[in-house]
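In what follows, a single structure is set out as structure tokens and then discussed.
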Amino acid sequence: MSGALVFVQVLNGLQFGVLLFLIAAGLTLVFGVMNFINLAHGVQYMLGAYLAVTFYLMTASFLLAMVLALLAALAFGLLLELAVFRRLYDRDHLDHVIVTFGVIIFLDHGVKLVWGSAPLSLPIPDLFSGSVRLPGGILYPTWRLVIVAAGLATAILLYVLIAHTRVGMLIRAGATHAAMVSALGVNIRRLFTIIFGLGAMLAGFAGILIAPILSVEPGMGDTVLILAFVIVVLGGIGSIRGAFVAALVIGLVDTLGRSFSVDILRLVMGPSPARTIGPALASMLIYLLMAVVLYFRPTGLFPVKGR
Amino acid sequence: MGEPVLQLEQLRKRFGGLVVTDDVTLDVMGGELHAIIGPNGAGKTTLINQISGLLASDAGRIRFAGRDITALSAHARARLGVARSFQITSVLSGFSALENVALAVQARTGSSFRFIGRVAAEVDLNEPALAVLNELGLTELATHIAGELSYGERRALEFAIALAMQPKLLLLDEPMAGIGREESLRLLDVLQRLKGRLPIVLIEHDMATVFALADRISVLMYGRVLASGPPAQIRADRRVVAAYLGDELE
Amino acid sequence: MQMSLKRLRPHDGVPILIFLILAAIPVLALIRSEDYLLSLFERLMIFAIAALSLDLLIGYGGLISFGHAAFVGLGAYAVGILSAHGMHDAIIALPVALLSSALFAYVTGVVCLRTKGVYFIMITLAFGQMVFFTASSLAPYGGDDGLTIAARNTLGGFALFRSEGSLYYLIWGCLLGAYCFCRMLVGSRFGRVFRGAKENALRMETIGFNVYRFQLAAYVIAGMMAGLSGFLLANATEFVSPAYMSWQRSGDLIIMVILGGLGSLHGAIIGAGAYLLLEEWLSAFTEDWKVIFGPFLVLVVLFARGGLLGMGKGLVRRLSGG
């Protein structure tokens, strides 16, 4: 367990966290403002990845593929909102869960029909396909640093959007008290559509970013979805700041936990039990963390809802 | 009769930067009907929420029958005999009127951790429940679903629920609000009958009701008690008249 | 919904019919020499028990648990793990299955029930995931691939589980027992408080009920019942795997409850039946039957309020009332 190894895993954790933030941000906004549980958010992420692969095959340009995939993801998200979700805003949470669950099933299997079940991949753009030499002499994949940079840049843009623009103000107001915003005469339907579209794009963007280093396959959105939910709940529904903090925490805890659980446990028990309990404990870590936080703060770290 | 049943000592509640209840000290004697009046936003409902236990106070003490209940949960206080009605009527809409009241009876008789036996057939719950419904003139509506009753009938039902608890303190949050003349007369009648039997804290805007019923009145303004005393004293208090009553009196 | 039990008498016909049909299946299977019917309906009844327990939570308590499959898995793994260590008797396996699911329900319930709404859904989901991942990493018990059970349980030495016919009726009996228990629970003092808490928890608190305690008790009861279904599942399939407690399975359980009709108990049985039969039927057509299933679910929720039972009642009303 060398310092260099820890450093690498910290970077990996940050990269993972930043990716999760992109997904969780849209989710927390949709929850917070629209009070809509969107289990299908994970498929937006998956679609982003699949669309990036397809457009790359068509254009052979990563940049072009990314732009087209983002637009297509946005279009698809808006289509879903228009065709299905719009009718559900007044329904109770259970209906949201069922319908979006149905959408997941449909799309998880739908992509199999369109793209086949074999995992696909996307090559890293040449400019970023090398490694960067970090202090300590380690080589770290450039693309992962690109992801971190892109994620942080998006976070800053989001912050500017939310804190300093009119739309952002409406979003913040909506997250605190949606009915009030509507009563004040704001076109709430348009606001909802904007928020939903924004969320879909963010998730799609995450999918595009991850496609070069992770295999693109059906159901890839599902595990990530659960983590995104944990983050949203942990951070406090409706809070972008909460989602950011929670995402980084979860990313780091999960990555470091998985890498070092066995080593850490070896400090207190023999190698054999450590090797069996370690991985199990590592997978449970995030959920234990969430349970502990929710026990003391049943509405998350940065609750947004007004009284 | 000497000791107050309810004692509020320097109660404070803040929401973020806003202090809604500020250093509220007052008491309610046994059998007294103590009205709390004040403009909207003065903190009356918050105060009731603090007394009934739905809101935790930031500072101060609440004593009920000599016992410090500041740290007790809402349901523990209800068990001790603190009953309340809500400003926006709150009943179990999917249940029948009878079941609503029977539940209140159930809460104070025996254990509800019973998994056997059809509760709907329990005579020792239904009979007292019917009796209370009778008192409030709701007998014919006993089997009606609470959600289908008129607003005034639901208000009366809420009263019935509170009474079925055989409370030792009744907290009423604007019971007359939003109901028709006939129903308000009926409720007034019930209040008259209850007066003296148990301590009642009444929040009301209708001054006629307040001055007709109250033994004492406390005026709440921006979360503070501006004045407290018998109706005649309040009526004559120039600060109160200037700040709140104005031409409401005449 | 369901006010006094008096009003339910006419509806008792449906559950009676269900149990009669289920009891007749083995006879049908015998006549048509179709053994797979037995195992299909065994699974149907097993999931019906799990769906019943979930209907208790969602339909009567308003507690949307998205991690209910975890209890099924715990019950199943109790059988599997004990079997792997040479303990095949249900006298040990059943109490262990029930106790472990009850314990897990209690510990997680204590945390979950402090939250409401979406937070509750998420935290139950998370706990379900915890169990899923734990099971996946248990290498000595099959890990991801699952564990084949050498043989079904014996009951005090008797091979009751090992004959298909007796296993079927054993499961049937468990379903009947679970149904009657739930029926009784819902109409009891406890049930009324629990139902009242779904309706208006604040009101219940101000009447004097510690809603938390009631919900926790119900959560443990429902967890145990699901653990029972897991115990039966392991015996019927002679296999356990982490897939039994995936969040998709938890979602499937919710669908079964909604499909049949929330808050009616026998609706959960109908829903479980409809789901599994639909799965059987559709998968005969195409491997990608789920592509059809997804939109189907969406449509059911959007348009068929009250699930299949609701549709049935509507139909009856229209036929008899005109």
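By convention here, the chains of the structure tokens are called A, B, ... in the order presented, each chain's residues are numbered starting at 1, and ligands are numbered starting at 1 in the order presented.
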
Need to verify the contact set: range 281-296 of chain A, 8 Å, only C-alpha atoms, exclusion of same-chain residues closer than 3 positions in sequence. Can you return it as number ranges by chain? A: 230, 234, 250, 253-254, 257-258, 261, 277-278, 299-301; C: 111-112, 114-115, 123, 126-127, 129-130, 133-134

Please check the contacts: residues of chain A at most 7 Å away from chain C, using only C-alpha atoms, listed as a PyMOL selection string. chain A and resi 95+98-99+102-103+105-106+109-110+229-230+233+279-280+283-284+287+291+295+298

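The list of chain B residues within 6 Å of chain C is Ala74, His75, Ala78, Arg79, Leu92, Ala104, Ala107, Ser112, Phe113, Arg114, Phe115, Ile116, Gly117, Arg118, Val119 and Ala120 of chain B; this uses only C-alpha atoms.
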
Selection above as a file: N, CA and C atoms, as a short mmCIF file (atom, residue, chain, number, x, y, z; two decimals), in the first residue's frame:
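The resulting file, out36.cif, is shown below:
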data_model
loop_
_atom_site.label_atom_id
_atom_site.label_comp_id
_atom_site.auth_asym_id
_atom_site.auth_seq_id
_atom_site.Cartn_x
_atom_site.Cartn_y
_atom_site.Cartn_z
N ALA B 74 -45.14 14.05 20.60
CA ALA B 74 -46.55 14.41 20.45
C ALA B 74 -47.47 13.31 20.96
N HIS B 75 -47.13 12.06 20.63
CA HIS B 75 -48.03 10.99 21.04
C HIS B 75 -48.00 10.77 22.54
N ALA B 78 -50.23 13.33 23.92
CA ALA B 78 -51.63 12.98 23.68
C ALA B 78 -52.10 11.97 24.72
N ARG B 79 -51.21 11.06 25.03
CA ARG B 79 -51.56 10.04 26.03
C ARG B 79 -51.78 10.66 27.39
N LEU B 92 -59.13 11.24 9.34
CA LEU B 92 -58.72 10.12 8.50
C LEU B 92 -59.78 9.98 7.40
N ALA B 104 -59.76 7.15 18.48
CA ALA B 104 -59.37 7.97 19.61
C ALA B 104 -59.67 7.23 20.92
N ALA B 107 -57.08 4.57 21.45
CA ALA B 107 -55.78 5.03 21.90
C ALA B 107 -55.67 5.08 23.41
N SER B 112 -53.01 -1.54 21.67
CA SER B 112 -53.34 -1.68 20.26
C SER B 112 -52.40 -2.65 19.56
N PHE B 113 -51.53 -3.30 20.33
CA PHE B 113 -50.66 -4.30 19.71
C PHE B 113 -51.35 -5.65 19.73
N ARG B 114 -52.64 -5.60 19.38
CA ARG B 114 -53.40 -6.85 19.31
C ARG B 114 -53.65 -7.19 17.87
N PHE B 115 -53.24 -8.42 17.48
CA PHE B 115 -53.35 -8.82 16.09
C PHE B 115 -54.60 -9.61 15.81
N ILE B 116 -55.29 -10.00 16.87
CA ILE B 116 -56.46 -10.87 16.71
C ILE B 116 -57.71 -10.10 17.05
N GLY B 117 -58.80 -10.50 16.44
CA GLY B 117 -60.07 -9.89 16.78
C GLY B 117 -60.43 -8.74 15.86
N ARG B 118 -61.66 -8.70 15.45
CA ARG B 118 -62.12 -7.67 14.53
C ARG B 118 -62.40 -6.38 15.28
N VAL B 119 -61.54 -5.40 15.08
CA VAL B 119 -61.67 -4.17 15.85
C VAL B 119 -62.96 -3.43 15.52
N ALA B 120 -63.44 -3.60 14.27
CA ALA B 120 -64.65 -2.87 13.87
C ALA B 120 -65.87 -3.33 14.66
#

Near range 221-227 of chain B, counting only C-alpha atoms, which residues have an atom at most 12 Å away, once you skip same-chain residues fewer than 4 positions from it, shown as number ranges by chain? B: 8-14, 18-27, 35-47, 216-217, 231, 233-245

Write the residues you've just listed into a file as a short mmCIF file (atom, residue, chain, number, x, y, z; two decimals), in the first residue's frame, and include N, CA and C atoms for each of them.
data_model
loop_
_atom_site.label_atom_id
_atom_site.label_comp_id
_atom_site.auth_asym_id
_atom_site.auth_seq_id
_atom_site.Cartn_x
_atom_site.Cartn_y
_atom_site.Cartn_z
N LEU B 8 -46.61 27.80 30.29
CA LEU B 8 -45.59 28.01 29.25
C LEU B 8 -44.59 28.99 29.80
N GLU B 9 -43.34 28.60 29.80
CA GLU B 9 -42.30 29.46 30.34
C GLU B 9 -41.29 29.84 29.28
N GLN B 10 -41.33 31.06 28.85
CA GLN B 10 -40.33 31.61 27.93
C GLN B 10 -40.09 30.73 26.71
N LEU B 11 -41.17 30.34 26.10
CA LEU B 11 -41.04 29.49 24.92
C LEU B 11 -40.53 30.28 23.73
N ARG B 12 -39.61 29.62 23.03
CA ARG B 12 -39.06 30.29 21.85
C ARG B 12 -38.97 29.29 20.71
N LYS B 13 -39.26 29.77 19.50
CA LYS B 13 -39.10 28.92 18.32
C LYS B 13 -38.66 29.80 17.17
N ARG B 14 -37.59 29.36 16.52
CA ARG B 14 -37.15 30.14 15.36
C ARG B 14 -37.04 29.23 14.15
N LEU B 18 -35.91 33.69 11.34
CA LEU B 18 -37.16 34.26 11.82
C LEU B 18 -37.55 33.69 13.18
N VAL B 19 -37.74 34.57 14.15
CA VAL B 19 -38.19 34.12 15.47
C VAL B 19 -39.71 34.17 15.47
N VAL B 20 -40.34 33.01 15.52
CA VAL B 20 -41.80 32.98 15.41
C VAL B 20 -42.48 33.02 16.77
N THR B 21 -41.88 32.37 17.74
CA THR B 21 -42.39 32.43 19.11
C THR B 21 -41.27 33.02 19.96
N ASP B 22 -41.58 34.11 20.62
CA ASP B 22 -40.52 34.83 21.30
C ASP B 22 -40.83 35.04 22.77
N ASP B 23 -40.20 34.24 23.61
CA ASP B 23 -40.29 34.45 25.06
C ASP B 23 -41.75 34.44 25.54
N VAL B 24 -42.51 33.44 25.11
CA VAL B 24 -43.93 33.38 25.46
C VAL B 24 -44.10 32.73 26.83
N THR B 25 -44.68 33.48 27.73
CA THR B 25 -44.97 32.95 29.07
C THR B 25 -46.44 33.18 29.36
N LEU B 26 -47.16 32.09 29.59
CA LEU B 26 -48.55 32.25 30.02
C LEU B 26 -48.99 30.96 30.69
N ASP B 27 -50.11 31.03 31.39
CA ASP B 27 -50.61 29.80 31.98
C ASP B 27 -52.12 29.69 31.82
N ALA B 35 -58.29 32.23 25.60
CA ALA B 35 -58.23 32.51 24.17
C ALA B 35 -56.91 33.17 23.82
N ILE B 36 -56.39 32.83 22.66
CA ILE B 36 -55.18 33.49 22.15
C ILE B 36 -55.55 34.18 20.85
N ILE B 37 -55.37 35.49 20.84
CA ILE B 37 -55.70 36.21 19.62
C ILE B 37 -54.48 36.96 19.13
N GLY B 38 -54.58 37.42 17.91
CA GLY B 38 -53.44 38.15 17.35
C GLY B 38 -53.54 38.13 15.84
N PRO B 39 -52.87 39.03 15.18
CA PRO B 39 -52.95 39.08 13.72
C PRO B 39 -52.32 37.83 13.09
N ASN B 40 -52.60 37.64 11.82
CA ASN B 40 -52.02 36.49 11.11
C ASN B 40 -50.51 36.59 11.12
N GLY B 41 -49.88 35.47 11.33
CA GLY B 41 -48.42 35.47 11.35
C GLY B 41 -47.86 35.79 12.71
N ALA B 42 -48.75 35.94 13.70
CA ALA B 42 -48.26 36.30 15.03
C ALA B 42 -47.63 35.12 15.74
N GLY B 43 -47.84 33.91 15.19
CA GLY B 43 -47.19 32.76 15.81
C GLY B 43 -48.14 31.90 16.61
N LYS B 44 -49.45 32.08 16.41
CA LYS B 44 -50.41 31.35 17.23
C LYS B 44 -50.38 29.85 16.95
N THR B 45 -50.44 29.52 15.64
CA THR B 45 -50.44 28.09 15.31
C THR B 45 -49.13 27.43 15.70
N THR B 46 -48.03 28.16 15.54
CA THR B 46 -46.73 27.62 15.95
C THR B 46 -46.75 27.31 17.43
N LEU B 47 -47.37 28.21 18.19
CA LEU B 47 -47.44 28.00 19.62
C LEU B 47 -48.21 26.72 19.95
N ARG B 216 -60.03 34.24 29.99
CA ARG B 216 -58.86 35.10 29.87
C ARG B 216 -58.44 35.16 28.41
N ILE B 217 -57.82 36.25 28.05
CA ILE B 217 -57.34 36.40 26.67
C ILE B 217 -55.88 36.79 26.68
N PRO B 231 -61.21 39.46 29.67
CA PRO B 231 -61.67 40.16 28.45
C PRO B 231 -61.80 41.68 28.64
N GLN B 233 -60.30 43.63 30.62
CA GLN B 233 -58.99 44.29 30.70
C GLN B 233 -58.37 44.42 29.31
N ILE B 234 -58.49 43.36 28.51
CA ILE B 234 -57.91 43.37 27.18
C ILE B 234 -58.61 44.41 26.31
N ARG B 235 -59.94 44.42 26.46
CA ARG B 235 -60.73 45.36 25.65
C ARG B 235 -60.31 46.79 25.93
N ALA B 236 -59.96 47.02 27.20
CA ALA B 236 -59.62 48.39 27.59
C ALA B 236 -58.16 48.74 27.34
N ASP B 237 -57.34 47.71 27.13
CA ASP B 237 -55.91 47.94 26.96
C ASP B 237 -55.63 48.70 25.65
N ARG B 238 -55.07 49.90 25.83
CA ARG B 238 -54.91 50.76 24.65
C ARG B 238 -53.92 50.21 23.65
N ARG B 239 -52.89 49.54 24.14
CA ARG B 239 -51.89 49.00 23.20
C ARG B 239 -52.55 47.97 22.29
N VAL B 240 -53.39 47.10 22.93
CA VAL B 240 -54.04 46.05 22.17
C VAL B 240 -54.99 46.64 21.15
N VAL B 241 -55.77 47.61 21.62
CA VAL B 241 -56.74 48.25 20.74
C VAL B 241 -56.03 48.88 19.56
N ALA B 242 -54.97 49.57 19.87
CA ALA B 242 -54.23 50.26 18.80
C ALA B 242 -53.60 49.27 17.83
N ALA B 243 -52.99 48.27 18.38
CA ALA B 243 -52.22 47.36 17.53
C ALA B 243 -53.09 46.35 16.80
N TYR B 244 -54.12 45.93 17.43
CA TYR B 244 -54.81 44.79 16.83
C TYR B 244 -56.32 44.95 16.73
N LEU B 245 -56.96 45.25 17.86
CA LEU B 245 -58.42 45.20 17.84
C LEU B 245 -59.02 46.30 16.98
#

Using Å and a single decimal, report how far CA of Leu198 in chain A sits from CA of Asp90 in chain A. 21.1 Å

So which residues of range 121-230 of chain C fall under strand (DSSP E or B) by DSSP, listed as number ranges by chain? C: 147-148, 154-155, 158

Just list the residues in range 13-206 of chain B DSSP gives helix (DSSP H, G or I) on the backbone, as a PyMOL selection string. chain B and resi 44-52+74-80+97-108+119-121+123-135+139-141+146-148+151-164+181-194

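Rounded to one decimal, CA of Gly180 in chain B and CA of His144 in chain B lie 20.2 Å from each other.
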
If we count only C-alpha atoms and set the cut-off at 7 Å, which residues sit around Gly31 in chain B, ignoring sequence neighbours fewer than 3 positions away in its own chain? Please answer as a list in words. Lys195, Gly196, Arg197, Leu198 and Pro199 of chain B

For Ala272 in chain C, work out the shell of residues within 6 Å, counting only C-alpha atoms and skipping chain neighbours fewer than 3 positions away, then give it as a CSV table (one decimal) with N, CA and C atoms, in the first residue's frame.
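Full text of result31.csv as output:
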chain,number,residue,atom,x,y,z
C,48,ALA,N,-46.5,-15.2,-4.4
C,48,ALA,CA,-47.7,-14.7,-3.9
C,48,ALA,C,-47.6,-14.4,-2.4
C,256,MET,N,-46.0,-6.8,-9.0
C,256,MET,CA,-47.0,-7.8,-8.8
C,256,MET,C,-48.1,-7.3,-7.9
C,269,ILE,N,-52.1,-11.8,-4.7
C,269,ILE,CA,-52.0,-13.2,-5.2
C,269,ILE,C,-52.3,-13.2,-6.7
C,275,TYR,N,-48.4,-11.9,-13.2
C,275,TYR,CA,-47.0,-11.6,-13.6
C,275,TYR,C,-46.3,-12.9,-14.1
